[in-house]
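Participant: For reference, the file model06.cif (mmCIF, C-alpha atoms) is included below:
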data_model
#
loop_
_atom_site.label_atom_id
_atom_site.label_comp_id
_atom_site.auth_asym_id
_atom_site.auth_seq_id
_atom_site.Cartn_x
_atom_site.Cartn_y
_atom_site.Cartn_z
CA MET F 1 4.91 7.75 34.20
CA SER F 2 1.88 8.88 32.16
CA LYS F 3 -1.02 6.60 31.23
CA ARG F 4 -0.43 7.53 27.58
CA PHE F 5 3.21 6.40 27.72
CA ILE F 6 2.23 3.09 29.36
CA LEU F 7 -0.36 2.35 26.68
CA ILE F 8 2.10 3.08 23.87
CA PHE F 9 4.72 0.90 25.59
CA VAL F 10 2.23 -1.99 25.82
CA ILE F 11 1.42 -1.68 22.11
CA ALA F 12 5.13 -1.80 21.31
CA LEU F 13 5.50 -5.01 23.34
CA LEU F 14 2.56 -6.58 21.50
CA ILE F 15 4.30 -6.09 18.16
CA GLN F 16 7.20 -8.18 19.44
CA ALA F 17 4.92 -10.91 20.78
CA PRO F 18 4.80 -14.25 18.92
CA ALA F 19 1.85 -14.95 16.66
CA PHE F 20 -0.67 -17.51 17.88
CA ALA F 21 -2.32 -20.22 15.83
CA ASP F 22 -4.97 -19.18 13.33
CA ASP F 23 -3.94 -15.51 13.66
CA LYS F 24 -5.73 -15.17 17.01
CA LEU F 25 -4.41 -13.64 20.20
CA GLU F 26 -5.17 -15.63 23.33
CA ASP F 27 -6.14 -12.92 25.82
CA ASP F 28 -8.63 -10.07 26.16
CA THR F 29 -6.47 -7.78 24.00
CA SER F 30 -7.37 -9.88 20.96
CA PRO F 31 -8.39 -7.72 17.99
CA VAL F 32 -10.42 -10.62 16.60
CA ILE F 33 -13.09 -12.14 18.83
CA ILE F 34 -14.09 -14.64 16.18
CA GLY F 35 -11.67 -15.28 13.33
CA PRO F 36 -12.61 -13.83 9.92
CA SER F 37 -15.30 -16.18 8.60
CA ILE F 38 -14.32 -15.54 4.98
CA ASN F 39 -11.86 -18.40 5.56
CA ASN F 40 -14.84 -20.76 5.57
CA TYR F 41 -15.87 -19.72 2.05
CA GLU F 42 -14.54 -19.91 -1.47
CA LYS F 43 -13.90 -16.50 -2.98
CA VAL F 44 -12.60 -14.67 -6.01
CA ASP F 45 -10.99 -11.21 -5.87
CA ILE F 46 -11.52 -8.94 -8.86
CA ILE F 47 -8.61 -6.53 -9.25
CA GLN F 48 -7.75 -3.87 -11.81
CA SER F 49 -4.83 -1.47 -12.11
CA GLY F 50 -5.68 1.69 -10.24
CA SER F 51 -9.38 1.19 -9.59
CA LEU F 52 -12.27 -0.82 -11.02
CA TYR F 53 -14.12 0.77 -13.94
CA PRO F 54 -17.77 1.62 -13.18
CA SER F 55 -18.76 -0.89 -15.87
CA VAL F 56 -16.83 -3.59 -14.00
CA VAL F 57 -18.53 -2.72 -10.71
CA LYS F 58 -21.93 -2.85 -12.41
CA ALA F 59 -21.12 -6.27 -13.92
CA VAL F 60 -20.01 -7.58 -10.51
CA GLU F 61 -23.28 -6.41 -8.95
CA ASP F 62 -25.33 -8.06 -11.70
CA ILE F 63 -23.42 -11.35 -11.45
CA SER F 64 -23.74 -11.35 -7.67
CA LYS F 65 -27.53 -10.99 -7.89
CA LYS F 66 -27.86 -13.53 -10.69
CA LEU F 67 -25.84 -16.25 -8.91
CA ASN F 68 -26.81 -15.31 -5.34
CA LEU F 69 -23.23 -14.49 -4.28
CA ASN F 70 -21.95 -12.31 -1.45
CA THR F 71 -20.08 -9.15 -2.48
CA ALA F 72 -17.58 -6.85 -0.81
CA TYR F 73 -15.99 -3.67 -2.13
CA PHE F 74 -12.65 -2.37 -0.92
CA GLY F 75 -11.35 1.15 -1.43
CA ARG F 76 -7.87 2.55 -0.99
CA ALA F 77 -6.39 6.04 -0.99
CA THR F 78 -3.50 8.01 0.44
CA LEU F 79 -4.65 10.78 2.80
CA GLY F 80 -2.58 13.60 4.26
CA MET F 81 -2.44 13.50 8.07
CA VAL F 82 -1.89 16.91 9.66
CA SER F 83 -2.67 16.61 13.38
CA ILE F 84 -3.67 14.36 16.29
CA THR F 85 -6.05 15.44 19.06
CA ASP F 86 -6.07 13.48 22.32
CA SER F 87 -9.10 12.69 24.48
CA ASP F 88 -8.48 15.85 26.56
CA GLY F 89 -8.81 18.01 23.45
CA VAL F 90 -5.10 18.81 23.12
CA THR F 91 -4.05 18.99 19.47
CA ASN F 92 -0.56 18.12 18.26
CA THR F 93 0.16 19.59 14.84
CA LEU F 94 2.47 17.15 13.06
CA THR F 95 3.76 19.15 10.11
CA LYS F 96 4.83 22.57 8.94
CA GLU F 97 2.12 24.71 7.37
CA GLY F 98 1.12 23.41 3.94
CA TYR F 99 2.62 19.95 4.55
CA SER F 100 0.92 16.65 5.48
CA ILE F 101 2.07 13.10 6.23
CA PRO F 102 0.93 10.53 3.60
CA ILE F 103 -1.10 7.74 5.23
CA SER F 104 -2.43 4.65 3.41
CA VAL F 105 -6.15 4.17 4.14
CA PHE F 106 -8.22 1.10 3.23
CA THR F 107 -12.03 0.95 3.28
CA VAL F 108 -14.59 -1.87 3.28
CA ASN F 109 -18.38 -1.79 3.16
CA ASN F 110 -19.81 -2.03 6.67
CA ASN F 111 -22.30 -4.84 6.18
CA VAL F 112 -19.63 -7.45 5.34
CA ALA F 113 -16.62 -6.20 7.34
CA ASN F 114 -17.01 -8.97 9.93
CA TYR F 115 -16.42 -11.65 7.28
CA PHE F 116 -12.96 -10.26 6.52
CA TYR F 117 -11.82 -8.71 9.80
CA GLY F 118 -13.81 -10.34 12.59
CA GLN F 119 -16.44 -8.99 14.95
CA LYS F 120 -14.38 -6.60 17.05
CA ILE F 121 -12.92 -4.72 14.09
CA SER F 122 -16.32 -4.75 12.38
CA TYR F 123 -17.91 -3.22 15.50
CA ILE F 124 -15.44 -0.33 15.40
CA LEU F 125 -16.03 0.29 11.69
CA ASN F 126 -19.79 0.23 12.10
CA ASN F 127 -19.48 2.86 14.81
CA ASN F 128 -17.69 5.25 12.41
CA MET F 129 -14.29 4.94 14.04
CA ALA F 130 -10.94 3.98 12.54
CA VAL F 131 -8.83 0.89 13.13
CA VAL F 132 -5.13 1.79 13.17
CA SER F 133 -2.15 -0.51 12.64
CA GLU F 134 0.25 -0.97 15.55
CA MET F 135 3.26 0.25 13.58
CA THR F 136 1.39 3.44 12.71
CA ALA F 137 0.19 3.88 16.30
CA ILE F 138 3.71 3.61 17.67
CA ARG F 139 5.17 5.85 14.97
CA HIS F 140 2.75 8.64 15.90
CA SER F 141 2.14 7.87 19.61
CA LEU F 142 -1.53 7.15 18.91
CA ILE F 143 -3.83 5.55 21.45
CA VAL F 144 -7.52 4.63 21.41
CA GLY F 145 -9.64 7.74 21.81
CA ASP F 146 -7.31 10.04 19.86
CA SER F 147 -8.64 11.74 16.74
CA ILE F 148 -6.67 11.96 13.50
CA THR F 149 -7.20 14.93 11.19
CA PHE F 150 -6.64 14.43 7.46
CA LEU F 151 -6.69 16.90 4.60
CA THR F 152 -9.57 16.34 2.17
CA ASP F 153 -10.18 17.83 -1.26
CA SER F 154 -13.79 18.71 -0.58
CA LYS F 155 -13.87 20.02 3.00
CA GLY F 156 -10.33 21.18 3.69
CA SER F 157 -9.92 18.72 6.59
CA ASN F 158 -11.85 16.04 8.44
CA SER F 159 -11.22 13.97 11.56
CA VAL F 160 -11.79 10.39 12.66
CA GLN F 161 -11.52 8.83 16.11
CA VAL F 162 -9.19 5.90 16.75
CA GLY F 163 -11.39 3.05 17.98
CA LEU F 164 -8.93 0.15 17.93
CA ILE F 165 -5.22 -0.56 17.40
CA VAL F 166 -4.27 -3.97 15.98
CA PRO F 167 -1.26 -5.79 14.50
CA ASP F 168 -0.75 -4.65 10.91
CA LYS F 169 -1.48 -8.06 9.41
CA TYR F 170 -5.06 -7.98 10.76
CA ILE F 171 -5.91 -5.05 8.48
CA SER F 172 -4.02 -6.26 5.40
CA TRP F 173 -0.94 -4.14 6.10
CA THR F 174 -2.63 -0.83 5.57
CA GLU F 175 -2.07 1.99 8.06
CA VAL F 176 -5.69 2.89 8.73
CA LEU F 177 -8.91 0.95 8.07
CA MET F 178 -12.35 2.58 8.02
CA SER F 179 -15.78 1.81 6.62
CA ARG F 180 -16.60 2.78 3.04
CA ASP F 181 -19.41 5.04 4.29
CA LEU F 182 -16.95 6.94 6.47
CA GLY F 183 -14.38 6.84 3.68
CA PHE F 184 -16.77 8.79 1.45
CA GLU F 185 -16.51 11.69 3.90
CA PHE F 186 -12.75 11.73 3.26
CA GLY F 187 -13.15 11.57 -0.51
CA ILE F 188 -12.34 7.85 -0.88
CA TYR F 189 -14.68 6.80 -3.68
CA ARG F 190 -12.47 4.59 -5.85
CA ILE F 191 -12.94 0.81 -5.57
CA LYS F 192 -9.61 -0.96 -5.57
CA LYS F 193 -10.98 -4.51 -5.32
CA ALA F 194 -14.26 -6.41 -5.34
CA THR F 195 -14.67 -9.84 -3.77
CA LEU F 196 -17.34 -12.42 -4.57
CA TRP F 197 -17.77 -15.34 -2.19
CA ALA F 198 -19.97 -18.33 -1.46
CA LYS F 199 -19.73 -21.84 -0.03
CA LYS F 200 -18.85 -22.96 -3.54
CA ILE F 201 -17.37 -20.92 -6.40
CA ASP F 202 -17.80 -23.00 -9.56
CA GLU F 203 -17.19 -22.49 -13.25
CA LYS F 204 -20.50 -20.63 -13.63
CA VAL F 205 -19.01 -17.70 -11.77
CA PHE F 206 -15.98 -17.45 -14.04
CA ILE F 207 -18.11 -17.91 -17.17
CA GLU F 208 -20.23 -14.93 -16.10
CA LEU F 209 -17.16 -12.86 -15.24
CA TYR F 210 -15.45 -13.48 -18.57
CA LYS F 211 -18.71 -13.02 -20.47
CA ASN F 212 -19.71 -9.73 -18.86
CA ILE F 213 -16.39 -8.00 -18.10
CA LYS F 214 -14.69 -7.06 -21.34
CA THR F 215 -11.62 -5.14 -20.21
CA LYS F 216 -8.37 -7.10 -20.38
CA LYS F 217 -6.91 -5.20 -17.42
CA ILE F 218 -8.83 -7.33 -14.91
CA GLN F 219 -7.24 -10.06 -12.77
CA TYR F 220 -9.16 -12.77 -10.93
CA LEU F 221 -7.46 -14.17 -7.85
CA THR F 222 -8.63 -17.10 -5.72
CA LYS F 223 -7.34 -18.56 -2.45
CA THR F 224 -4.81 -20.60 -4.38
CA ASP F 225 -3.24 -17.50 -5.92
CA VAL F 226 -1.23 -16.69 -2.81
CA ASN F 227 1.95 -15.82 -4.72
CA LYS F 228 0.33 -13.36 -7.10
CA GLY F 229 0.37 -9.60 -6.64
CA ASP F 230 2.96 -6.85 -6.41
CA TRP F 231 5.87 -7.96 -4.25
CA ILE F 232 6.73 -4.65 -2.60
CA LEU F 233 6.82 -3.34 0.95
CA PRO F 234 3.49 -2.13 2.38
CA ALA F 235 3.43 1.43 3.69
CA SER F 236 4.16 0.65 7.36
CA LEU F 237 7.17 -1.54 6.60
CA LEU F 238 8.36 0.92 3.94
CA LYS F 239 8.44 3.67 6.54
CA ASN F 240 10.14 1.42 9.09
CA GLU F 241 12.93 0.70 6.62
CA PHE F 242 13.37 4.03 4.85
CA GLY F 243 11.68 6.68 6.96
CA GLU F 244 8.54 8.80 6.96
CA PHE F 245 8.25 12.39 5.81
CA SER F 246 5.71 15.12 5.20
CA VAL F 247 4.97 16.51 1.74
CA LYS F 248 3.13 19.33 0.01
CA ASN F 249 2.01 19.74 -3.58
CA ARG F 250 4.08 22.00 -5.81
CA ASP F 251 0.84 23.31 -7.34
CA THR F 252 -2.75 22.15 -7.78
CA SER F 253 -2.26 20.69 -11.25
CA SER F 254 1.11 18.97 -10.90
CA LYS F 255 1.93 15.40 -9.91
CA TRP F 256 5.18 16.67 -8.39
CA ILE F 257 5.47 17.23 -4.65
CA ILE F 258 7.93 18.82 -2.23
CA VAL F 259 9.39 16.54 0.44
CA ASP F 260 10.25 17.79 3.93
CA PRO F 261 13.73 19.34 3.39
CA GLU F 262 15.03 18.00 6.72
CA TRP F 263 14.22 14.38 5.80
CA LYS F 264 15.66 14.89 2.32
CA ALA F 265 18.92 16.33 3.65
CA ILE F 266 19.44 13.30 5.91
CA ASN F 267 18.41 10.52 3.51
CA ILE F 268 18.89 11.55 -0.13
CA GLU F 269 22.41 11.52 -1.60
CA THR F 270 24.13 11.75 -5.00
CA LYS F 271 26.92 9.40 -6.14
CA ASN F 272 28.70 8.32 -9.29
CA LEU F 273 27.77 4.69 -10.05
CA PRO F 274 29.04 2.04 -12.48
CA ILE F 275 27.39 2.01 -15.95
CA ILE F 276 24.79 4.74 -15.33
CA GLY F 277 26.97 7.47 -13.78
CA THR F 278 25.68 10.28 -11.54
CA THR F 279 22.61 9.16 -9.60
CA THR F 280 20.52 10.57 -6.74
CA CYS F 281 18.90 7.98 -4.42
CA HIS F 282 18.16 7.10 -0.80
CA LYS F 283 21.45 6.44 0.97
CA LEU F 284 20.36 2.86 1.75
CA MET F 285 20.22 2.15 -2.00
CA TRP F 286 23.96 2.35 -2.55
CA GLU F 287 25.07 -1.10 -1.44
CA PRO F 288 22.44 -3.17 -3.32
CA LEU F 289 22.37 -0.87 -6.37
CA GLU F 290 26.15 -0.76 -6.75
CA GLY F 291 26.28 -4.50 -6.14
CA ALA F 292 23.76 -5.19 -8.91
CA LEU F 293 25.45 -2.81 -11.37
CA ASN F 294 28.92 -4.22 -10.64
CA GLN F 295 27.66 -7.77 -11.20
CA ILE F 296 25.96 -6.76 -14.45
CA GLN F 297 29.23 -5.22 -15.56
CA SER F 298 31.31 -8.24 -14.53
CA GLU F 299 28.99 -10.56 -16.49
CA GLY F 300 29.48 -8.49 -19.65
CA LEU F 301 25.92 -7.12 -19.73
CA ALA F 302 26.64 -3.40 -19.21
CA TYR F 303 25.80 -2.77 -22.88
CA THR F 304 22.18 -3.85 -22.21
CA LEU F 305 21.55 -0.85 -19.90
CA SER F 306 20.90 2.45 -21.66
CA LYS F 307 22.61 5.42 -20.00
CA LYS F 308 20.97 7.66 -22.62
CA GLU F 309 17.46 6.51 -21.66
CA TYR F 310 18.33 6.76 -17.98
CA TYR F 311 19.29 10.41 -18.31
CA SER F 312 16.50 11.39 -20.71
CA ASN F 313 13.48 10.13 -18.76
CA GLY F 314 14.68 7.63 -16.16
CA GLY F 315 16.16 8.21 -12.72
CA CYS F 316 15.95 7.26 -9.07
CA TYR F 317 14.87 10.03 -6.65
CA ALA F 318 11.80 11.78 -8.06
CA PRO F 319 9.24 13.10 -5.53
CA ARG F 320 5.83 12.66 -7.17
CA ARG F 321 2.48 10.92 -7.03
CA ILE F 322 1.60 7.93 -9.21
CA THR F 323 -0.37 9.15 -12.20
CA ARG F 324 -0.11 6.33 -14.76
CA VAL F 325 -3.05 4.61 -13.02
CA ASN F 326 -5.78 5.94 -10.74
CA ALA F 327 -3.71 5.30 -7.63
CA GLY F 328 -5.72 7.37 -5.16
CA GLY F 329 -2.99 9.90 -4.49
CA ALA F 330 -0.35 7.29 -3.62
CA LEU F 331 3.27 8.41 -3.66
CA SER F 332 5.66 6.83 -6.10
CA ARG F 333 8.44 4.86 -4.41
CA HIS F 334 10.77 7.19 -6.31
CA THR F 335 9.76 9.74 -3.66
CA TRP F 336 11.72 7.67 -1.14
CA GLY F 337 14.57 7.28 -3.63
CA ILE F 338 14.36 3.47 -3.48
CA ALA F 339 13.26 2.83 -7.08
CA ILE F 340 15.19 3.22 -10.30
CA ASP F 341 14.16 3.37 -13.97
CA ILE F 342 17.04 2.74 -16.38
CA ASN F 343 15.81 1.28 -19.67
CA THR F 344 12.74 3.44 -20.11
CA ARG F 345 12.14 2.34 -23.71
CA SER F 346 14.32 -0.72 -24.23
CA LYS F 347 13.61 -4.12 -22.68
CA TYR F 348 15.85 -5.47 -19.95
CA HIS F 349 17.96 -8.57 -20.60
CA PRO F 350 16.41 -11.44 -18.56
CA ARG F 351 19.68 -11.93 -16.71
CA VAL F 352 19.66 -8.26 -15.64
CA VAL F 353 16.23 -8.80 -14.04
CA GLU F 354 17.58 -11.87 -12.22
CA ILE F 355 20.60 -9.95 -10.92
CA PHE F 356 18.49 -7.09 -9.57
CA SER F 357 16.20 -9.64 -7.92
CA ASP F 358 19.18 -11.35 -6.26
CA TRP F 359 20.19 -7.98 -4.80
CA GLY F 360 16.77 -7.44 -3.22
CA PHE F 361 14.85 -5.54 -5.90
CA ALA F 362 11.30 -6.14 -7.11
CA TRP F 363 10.74 -5.77 -10.85
CA GLY F 364 7.69 -3.87 -12.08
CA GLY F 365 7.34 -5.97 -15.21
CA THR F 366 5.23 -8.58 -13.39
CA TRP F 367 2.96 -6.20 -11.47
CA THR F 368 -0.82 -5.91 -11.65
CA SER F 369 -0.16 -2.66 -13.50
CA PRO F 370 3.08 -3.56 -15.33
CA ASP F 371 5.91 -1.03 -15.10
CA PRO F 372 8.74 -2.85 -16.94
CA MET F 373 11.31 -0.05 -16.58
CA HIS F 374 11.06 -0.08 -12.77
CA PHE F 375 13.21 -1.78 -10.12
CA GLU F 376 12.31 -1.20 -6.47
CA LEU F 377 14.25 -2.08 -3.33
CA ARG F 378 12.32 -4.29 -0.91
CA SER F 379 14.77 -4.13 1.98
CA PRO F 380 18.16 -2.47 2.53
#
Please express what this file holds, its structure, as structure tokens.

Facilitator:
Amino acid sequence: MSKRFILIFVIALLIQAPAFADDKLEDDTSPVIIGPSINNYEKVDIIQSGSLYPSVVKAVEDISKKLNLNTAYFGRATLGMVSITDSDGVTNTLTKEGYSIPISVFTVNNNVANYFYGQKISYILNNNMAVVSEMTAIRHSLIVGDSITFLTDSKGSNSVQVGLIVPDKYISWTEVLMSRDLGFEFGIYRIKKATLWAKKIDEKVFIELYKNIKTKKIQYLTKTDVNKGDWILPASLLKNEFGEFSVKNRDTSSKWIIVDPEWKAINIETKNLPIIGTTTCHKLMWEPLEGALNQIQSEGLAYTLSKKEYYSNGGCYAPRRITRVNAGGALSRHTWGIAIDINTRSKYHPRVVEIFSDWGFAWGGTWTSPDPMHFELRSP
């Protein structure tokens, strides 16, 4: 039995292991030597749809200096993984020519990483290596010492070494975490979130924020706002539930992409559904989607769903990137065929939203970047 297989097997066992108190593991495999010290501070997260405007970032910097606050900047982008090279220099190409596997990558500035992720993760980031989630490591048979090669717009491709593999929750349910400095080399410049923190966050902070940041698209979240945010599956869980595939762009100017035909043939189907008629979705959509539509029909609300709007510019399966906000190349969940837009111009009846929710769908109308036509399956 190879050493590589044993290491991957051990990682798989760790995922099944029970969580310990305070999100710490009790042995030498612990990804966190000292728990994230941000828990000892009060903080406010500054979030905007897509990415923070440069004017917002400048205001945050000025407020931080004025009030002597700590500041962290987090980036996020979707990179295309094309190959893995092991420590012996053997490269495994993962996709057909022209295709890449979308991977969600999160970045944080090096000097404050220890506050949010602990010392061990911070050490890896400061040594220009990547921290990889366990689900991602198992999915791609990754071990520490491997190098991942991603496509980049500027250099064609670039590689990063895997320095640590940790449970997904320790890196906020992203697939790969790296420092912002290293992220720049992969073209990750957008700032998804800024965090201000101190021993005490008082009203002076919020007065300065509201006074100096004029855009209405900003949200301010504190520790007490635990139920806010977009209630959808993170990338690793999404792939566990509905599968992973490789993609390639149709052309350089289009948002539309081509999905691996083999994955599409296995997972994407077309059926005739109540109310909306012929629909193409992921095969795991049928039970909850038909259930929701049948209940809407039985409650006499079929008239509130517009078949005309659905066919004109709605739909379910639509392989494309998100372009309505600066989403860093992220794929729309329509690419998996697990989201559906029906009333693209008309509002949904409140009861329709409730019914879809009861059948396991998230509604885009309450998101950070509202998308009120959109329902998305959270679990099959």

Participant: So how far away is CA of Lys204 in chain F from CA of Tyr41 in chain F, in Å?

Facilitator: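 Between CA of Tyr41 in chain F and CA of Lys204 in chain F the gap works out to 16.4 Å.
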
Participant: Calculate how many Å separate CA of Asp45 in chain F from CA of Ala113 in chain F, rounding to one decimal.

Facilitator: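 So the two atoms, CA of Asp45 in chain F and CA of Ala113 in chain F, lie 15.2 Å apart.
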
Participant: Got a sec to resolve the PyMOL selection byres ((chain F and resi 94) around 8) on this structure and send the residues as number ranges by chain?

Facilitator: F: 81-84, 92-93, 95-96, 100-101

Participant: Give me, please, the distance in Å between CA of Lys248 in chain F and CA of Asp260 in chain F, quoted to one decimal.

Facilitator: 8.3 Å

Participant: Select from range 40-110 of chain F every residue with an atom at most 12 Å from any atom of range 162-169 of chain F, then for each give the shortest pair of atoms and their distance in Å to one decimal, using all atoms listed in the file, rows by chain and rising number, as JSON lines.

Facilitator:
{"residue": "F:Ile84", "atom": "CA", "partner": "F:Val162", "partner_atom": "CA", "distance": 10.1}
{"residue": "F:Thr85", "atom": "CA", "partner": "F:Val162", "partner_atom": "CA", "distance": 10.3}
{"residue": "F:Asp86", "atom": "CA", "partner": "F:Val162", "partner_atom": "CA", "distance": 9.9}
{"residue": "F:Ser87", "atom": "CA", "partner": "F:Val162", "partner_atom": "CA", "distance": 10.3}

Participant: Hey, what comes out of the PyMOL selection byres ((chain F and resi 136) around 10) on this file? Could you write it as an MDAnalysis selection string?

Facilitator: chainID F and resid 103 132:135 137:142 165:168 174:176 235:237 239:240

Participant: Nearest residue to Pro380 in chain F out of F:Ile338, F:Ile275, F:Val44, F:Ile218, using all atoms listed in the file?

Facilitator: F:Ile338

Participant: For this file, the PyMOL selection byres ((chain F and resi 63) around 12) selects which residues, as number ranges by chain?

Facilitator: F: 56-62, 64-71, 195-197, 204-213

Participant: Do you know which residues lie at most 10 Å from (-0.3, 3.6, -5.6), with coordinates as in the file and all atoms listed in the file counted, and could you write them as a ChimeraX atom specification?

Facilitator: /F:49-50,76-78,104,321-333

Participant: As a list in words, please: the residues near Leu151 in chain F (cut-off 6 Å, all atoms listed in the file, same-chain neighbours under 4 positions excluded).

Facilitator: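 My reading of the contact set: Gly80, Gly156 and Ser157 of chain F.
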
Participant: Which is closest to Asn39 in chain F among F:Ile124, F:Ala198, F:Ile276, F:Ala130, if we use only C-alpha atoms?

Facilitator: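 Among the listed residues, the smallest separation from Asn39 in chain F belongs to F:Ala198.
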
Participant: So that I can check the surroundings of range 290-302 of chain F, please list as a ChimeraX atom specification every protein, DNA and RNA residue that reaches within 12 Å of it, counting all atoms listed in the file and ignoring chain neighbours fewer than 4 positions away.

Facilitator: /F:271-277,279,281,283-286,306-307,340,342-343,348-361,375,377

Participant: For Glu309 in chain F, which residue out of F:Lys216, F:Asn249, F:Lys347, F:Glu42 is the nearest one, using only C-alpha atoms?

Facilitator: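 Once distances to Glu309 in chain F are computed over only C-alpha atoms, the minimum belongs to F:Lys347.
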
Participant: For Tyr310 in chain F, which residue among F:Arg250, F:Lys217, F:His374, F:His282 is the nearest when counting all atoms listed in the file?

Facilitator: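 Nearest candidate to Tyr310 in chain F out of F:Arg250, F:Lys217, F:His374, F:His282: F:His374.
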
Participant: So, with all atoms listed in the file as the atoms that count, which of F:Leu305, F:Ala194, F:Ala318, F:Leu221 lies closest to Ile257 in chain F?

Facilitator: F:Ala318

Participant: Choose the residue, out of F:Ile258, F:Cys316, F:Val247, F:Ile191, that has the smallest atom-to-atom separation from Tyr53 in chain F; count all atoms listed in the file.

Facilitator: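 The answer is F:Ile191, which sits nearest to Tyr53 in chain F.
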